$ cat protein00.csv   # CSV, C-alpha atoms
chain,number,residue,atom,x,y,z
A,1003,MET,CA,-12.7,16.7,-99.0
A,1004,ASP,CA,-14.2,13.3,-99.8
A,1005,MET,CA,-12.0,11.4,-102.2
A,1006,GLU,CA,-13.2,8.5,-104.3
A,1007,LEU,CA,-11.0,5.6,-105.2
A,1008,PRO,CA,-11.6,3.5,-108.3
A,1009,SER,CA,-12.3,-0.2,-107.7
A,1010,GLU,CA,-9.0,-1.0,-109.5
A,1011,ALA,CA,-6.1,0.7,-107.6
A,1012,GLU,CA,-2.5,0.0,-106.7
A,1013,LEU,CA,-0.9,-0.9,-103.4
A,1014,LEU,CA,2.6,0.5,-102.8
A,1015,ARG,CA,4.4,-1.4,-100.1
A,1016,ILE,CA,7.7,-0.1,-98.7
A,1017,PHE,CA,9.8,-2.2,-96.4
A,1018,ILE,CA,12.4,-0.3,-94.3
A,1019,GLY,CA,14.0,-0.5,-90.9
A,1020,GLU,CA,12.5,1.3,-88.0
A,1021,THR,CA,15.7,3.3,-87.3
A,1022,THR,CA,16.2,4.3,-91.0
A,1023,LYS,CA,16.5,8.1,-91.1
A,1024,LEU,CA,16.6,10.8,-93.8
A,1025,GLY,CA,18.6,13.6,-92.3
A,1026,GLN,CA,17.6,13.6,-88.6
A,1027,ARG,CA,14.1,12.3,-89.0
A,1028,PRO,CA,12.7,8.8,-89.2
A,1029,LEU,CA,12.2,7.9,-92.9
A,1030,TYR,CA,8.7,6.4,-92.3
A,1031,GLU,CA,7.5,9.8,-91.0
A,1032,ILE,CA,8.8,11.6,-94.0
A,1033,ILE,CA,7.2,9.1,-96.4
A,1034,VAL,CA,3.8,9.3,-94.7
A,1035,GLU,CA,3.9,13.1,-94.5
A,1036,GLU,CA,4.9,13.4,-98.2
A,1037,ALA,CA,2.0,11.0,-99.1
A,1038,ARG,CA,-0.4,13.2,-97.1
A,1039,LYS,CA,0.9,16.4,-98.6
A,1040,ARG,CA,0.3,15.0,-102.1
A,1041,GLY,CA,-3.2,14.1,-101.2
A,1042,LEU,CA,-2.8,10.3,-101.6
A,1043,ALA,CA,-5.7,8.3,-100.3
A,1044,GLY,CA,-4.0,7.1,-97.1
A,1045,ALA,CA,-0.9,5.5,-95.6
A,1046,THR,CA,-0.4,3.0,-92.9
A,1047,VAL,CA,2.8,2.1,-91.1
A,1048,THR,CA,3.0,-1.4,-89.5
A,1049,ARG,CA,5.9,-2.6,-87.3
A,1050,GLY,CA,7.0,-6.1,-87.8
A,1051,ILE,CA,8.0,-8.4,-84.9
A,1052,MET,CA,10.6,-10.2,-86.9
A,1053,GLY,CA,12.2,-10.1,-90.4
A,1054,PHE,CA,15.4,-9.9,-92.5
A,1055,GLY,CA,16.3,-8.1,-95.6
A,1056,LYS,CA,19.0,-8.1,-98.2
A,1057,ASN,CA,21.8,-8.2,-95.7
A,1058,SER,CA,20.3,-11.4,-94.1
A,1059,LEU,CA,20.5,-10.0,-90.6
A,1060,ILE,CA,17.5,-11.1,-88.5
A,1061,HIS,CA,15.7,-8.4,-86.6
A,1062,THR,CA,13.4,-9.6,-83.9
A,1063,ALA,CA,11.5,-8.2,-80.9
A,1064,LYS,CA,12.5,-11.3,-79.0
A,1065,ILE,CA,16.0,-10.2,-78.3
A,1066,LEU,CA,16.3,-6.8,-76.8
A,1067,ARG,CA,19.6,-6.0,-78.4
A,1068,LEU,CA,18.2,-6.6,-81.9
A,1069,SER,CA,14.8,-4.9,-81.2
A,1070,GLU,CA,16.2,-1.5,-82.0
A,1071,ASP,CA,15.7,-1.9,-85.8
A,1072,LEU,CA,12.5,-3.8,-86.3
A,1073,PRO,CA,11.1,-4.0,-89.8
A,1074,LEU,CA,8.4,-1.5,-90.9
A,1075,VAL,CA,6.0,-1.8,-93.7
A,1076,ILE,CA,4.4,1.4,-95.1
A,1077,GLU,CA,1.3,0.7,-97.3
A,1078,ILE,CA,-0.3,3.3,-99.6
A,1079,VAL,CA,-3.3,2.6,-101.8
A,1080,ASP,CA,-4.3,5.0,-104.6
A,1081,ARG,CA,-4.9,5.3,-108.3
A,1082,PRO,CA,-2.1,4.0,-110.5
A,1083,ASP,CA,-1.3,7.5,-111.9
A,1084,ARG,CA,-1.0,9.1,-108.4
A,1085,ILE,CA,1.2,6.2,-107.2
A,1086,ALA,CA,3.4,6.6,-110.3
A,1087,ALA,CA,3.8,10.3,-109.7
A,1088,PHE,CA,5.0,9.6,-106.1
A,1089,LEU,CA,7.6,6.9,-107.1
A,1090,PRO,CA,10.5,9.1,-108.3
A,1091,ASP,CA,10.5,11.1,-105.1
A,1092,LEU,CA,10.1,7.9,-103.0
A,1093,ASP,CA,13.1,6.4,-104.9
A,1094,ALA,CA,15.2,9.4,-104.0
A,1095,MET,CA,14.3,9.0,-100.3
A,1096,ILE,CA,15.1,5.3,-99.9
A,1097,GLY,CA,18.7,4.4,-99.5
A,1098,GLU,CA,18.0,0.8,-98.5
A,1099,GLY,CA,14.9,-1.2,-98.3
A,1100,LEU,CA,12.3,-2.9,-100.6
A,1101,VAL,CA,9.5,-1.3,-102.6
A,1102,THR,CA,6.8,-3.4,-104.2
A,1103,LEU,CA,3.7,-2.4,-106.2
A,1104,GLU,CA,0.7,-4.6,-106.9
A,1105,LYS,CA,-2.8,-4.2,-108.3
A,1106,VAL,CA,-5.6,-4.3,-105.7
A,1107,ARG,CA,-9.4,-4.2,-105.8
A,1108,VAL,CA,-10.9,-1.6,-103.5
A,1109,ILE,CA,-14.0,-2.9,-101.8
A,1110,ALA,CA,-14.7,0.1,-99.6
A,1111,TYR,CA,-13.1,3.4,-98.8
A,1112,ARG,CA,-15.2,5.5,-96.5
A,1113,ASN,CA,-15.2,7.5,-93.3
A,1114,LYS,CA,-18.0,8.5,-90.9
A,1115,ALA,CA,-19.7,11.7,-91.7
A,1116,LYS,CA,-19.3,14.3,-88.9

$ encode --input "protein00.csv" --output "structure tokens"
Amino acid sequence: MDMELPSEAELLRIFIGETTKLGQRPLYEIIVEEARKRGLAGATVTRGIMGFGKNSLIHTAKILRLSEDLPLVIEIVDRPDRIAAFLPDLDAMIGEGLVTLEKVRVIAYRNKAK
């Protein structure tokens, strides 16, 4: 199925810790799988090398002891209505973290034809 994205879309950005779980599973996996199940345009998880959140604890890859909970950013781009439909379920999944939403202009969204 080839999905088209409008040039005006939204970027949902979710900041959580790498070790954050929902039940026994990593939260980032659950979020990405749910986005895929809903047919959202795509999701990317990026691991940060350093960061801090609301509790002001610094997490960094430099110190082995603190490297166990590096920051993750999950980015999802799609139409505003599809992002809006995902937000209530996302809110129920996230116990701690930061969620942002911004308007973006899609320049290209394509894959190689097989």

$ residues_around --input "protein00.csv" --residues "Gly1019 (chain A)" --least-positions-apart "6" --cutoff "8 Å" --atoms "all atoms listed in the file" --output "ChimeraX atom specification"
/A:1071-1074,1099

$ closest_residue --input "protein00.csv" --among "A:Val1108, A:Ala1115, A:Ile1096, A:Ile1051" --to "Pro1028 (chain A)" --atoms "all atoms listed in the file"
A:Ile1096

$ closest_residue --input "protein00.csv" --among "A:Gly1097, A:Glu1012, A:Pro1082, A:Met1052" --to "Gly1025 (chain A)" --atoms "all atoms listed in the file"
A:Gly1097

$ atom_distance --input "protein00.csv" --atom1 "CA of Phe1088 (chain A)" --atom2 "CA of Asn1113 (chain A)"
24.0 Å

$ closest_residue --input "protein00.csv" --among "A:Glu1031, A:Glu1098, A:Asp1083, A:Glu1036" --to "Glu1010 (chain A)" --atoms "only C-alpha atoms"
A:Asp1083

$ build_atoms --input "protein00.csv" --residues "region 1073-1094 of chain A" --atoms "N, CA and C atoms" --output "mmCIF file, in the frame of the given file"
data_model
loop_
_atom_site.group_PDB
_atom_site.id
_atom_site.type_symbol
_atom_site.label_atom_id
_atom_site.label_comp_id
_atom_site.auth_asym_id
_atom_site.auth_seq_id
_atom_site.Cartn_x
_atom_site.Cartn_y
_atom_site.Cartn_z
ATOM 1 N N PRO A 1073 11.550 -4.322 -88.441
ATOM 2 C CA PRO A 1073 11.100 -4.000 -89.800
ATOM 3 C C PRO A 1073 9.795 -3.196 -89.757
ATOM 4 N N LEU A 1074 9.675 -2.253 -90.676
ATOM 5 C CA LEU A 1074 8.400 -1.500 -90.900
ATOM 6 C C LEU A 1074 7.940 -1.709 -92.263
ATOM 7 N N VAL A 1075 6.636 -1.714 -92.405
ATOM 8 C CA VAL A 1075 6.000 -1.800 -93.700
ATOM 9 C C VAL A 1075 5.075 -0.567 -93.821
ATOM 10 N N ILE A 1076 5.269 0.226 -94.859
ATOM 11 C CA ILE A 1076 4.400 1.400 -95.100
ATOM 12 C C ILE A 1076 3.549 0.983 -96.342
ATOM 13 N N GLU A 1077 2.244 1.062 -96.197
ATOM 14 C CA GLU A 1077 1.300 0.700 -97.300
ATOM 15 C C GLU A 1077 0.532 1.932 -97.705
ATOM 16 N N ILE A 1078 0.482 2.155 -99.008
ATOM 17 C CA ILE A 1078 -0.300 3.300 -99.600
ATOM 18 C C ILE A 1078 -1.088 2.735 -100.735
ATOM 19 N N VAL A 1079 -2.391 3.015 -100.723
ATOM 20 C CA VAL A 1079 -3.300 2.600 -101.800
ATOM 21 C C VAL A 1079 -3.822 3.843 -102.489
ATOM 22 N N ASP A 1080 -3.746 3.875 -103.809
ATOM 23 C CA ASP A 1080 -4.300 5.000 -104.600
ATOM 24 C C ASP A 1080 -4.414 4.605 -106.026
ATOM 25 N N ARG A 1081 -4.841 5.544 -106.832
ATOM 26 C CA ARG A 1081 -4.900 5.300 -108.300
ATOM 27 C C ARG A 1081 -3.529 5.128 -108.849
ATOM 28 N N PRO A 1082 -3.405 4.312 -109.879
ATOM 29 C CA PRO A 1082 -2.100 4.000 -110.500
ATOM 30 C C PRO A 1082 -1.327 5.314 -110.884
ATOM 31 N N ASP A 1083 -2.000 6.299 -111.445
ATOM 32 C CA ASP A 1083 -1.300 7.500 -111.900
ATOM 33 C C ASP A 1083 -0.767 8.308 -110.698
ATOM 34 N N ARG A 1084 -1.485 8.310 -109.591
ATOM 35 C CA ARG A 1084 -1.000 9.100 -108.400
ATOM 36 C C ARG A 1084 0.158 8.339 -107.744
ATOM 37 N N ILE A 1085 0.105 7.010 -107.718
ATOM 38 C CA ILE A 1085 1.200 6.200 -107.200
ATOM 39 C C ILE A 1085 2.462 6.450 -108.076
ATOM 40 N N ALA A 1086 2.275 6.392 -109.391
ATOM 41 C CA ALA A 1086 3.400 6.600 -110.300
ATOM 42 C C ALA A 1086 4.044 7.939 -110.162
ATOM 43 N N ALA A 1087 3.262 8.959 -109.889
ATOM 44 C CA ALA A 1087 3.800 10.300 -109.700
ATOM 45 C C ALA A 1087 4.636 10.394 -108.402
ATOM 46 N N PHE A 1088 4.320 9.558 -107.427
ATOM 47 C CA PHE A 1088 5.000 9.600 -106.100
ATOM 48 C C PHE A 1088 6.336 8.782 -106.183
ATOM 49 N N LEU A 1089 6.424 7.797 -107.087
ATOM 50 C CA LEU A 1089 7.600 6.900 -107.100
ATOM 51 C C LEU A 1089 8.942 7.556 -107.273
ATOM 52 N N PRO A 1090 9.129 8.528 -108.175
ATOM 53 C CA PRO A 1090 10.500 9.100 -108.300
ATOM 54 C C PRO A 1090 10.969 9.781 -107.016
ATOM 55 N N ASP A 1091 10.079 10.479 -106.320
ATOM 56 C CA ASP A 1091 10.500 11.100 -105.100
ATOM 57 C C ASP A 1091 10.742 10.066 -103.982
ATOM 58 N N LEU A 1092 9.925 9.021 -103.958
ATOM 59 C CA LEU A 1092 10.100 7.900 -103.000
ATOM 60 C C LEU A 1092 11.489 7.275 -103.245
ATOM 61 N N ASP A 1093 11.803 7.026 -104.502
ATOM 62 C CA ASP A 1093 13.100 6.400 -104.900
ATOM 63 C C ASP A 1093 14.253 7.236 -104.349
ATOM 64 N N ALA A 1094 14.135 8.550 -104.429
ATOM 65 C CA ALA A 1094 15.200 9.400 -104.000
ATOM 66 C C ALA A 1094 15.342 9.398 -102.429
#
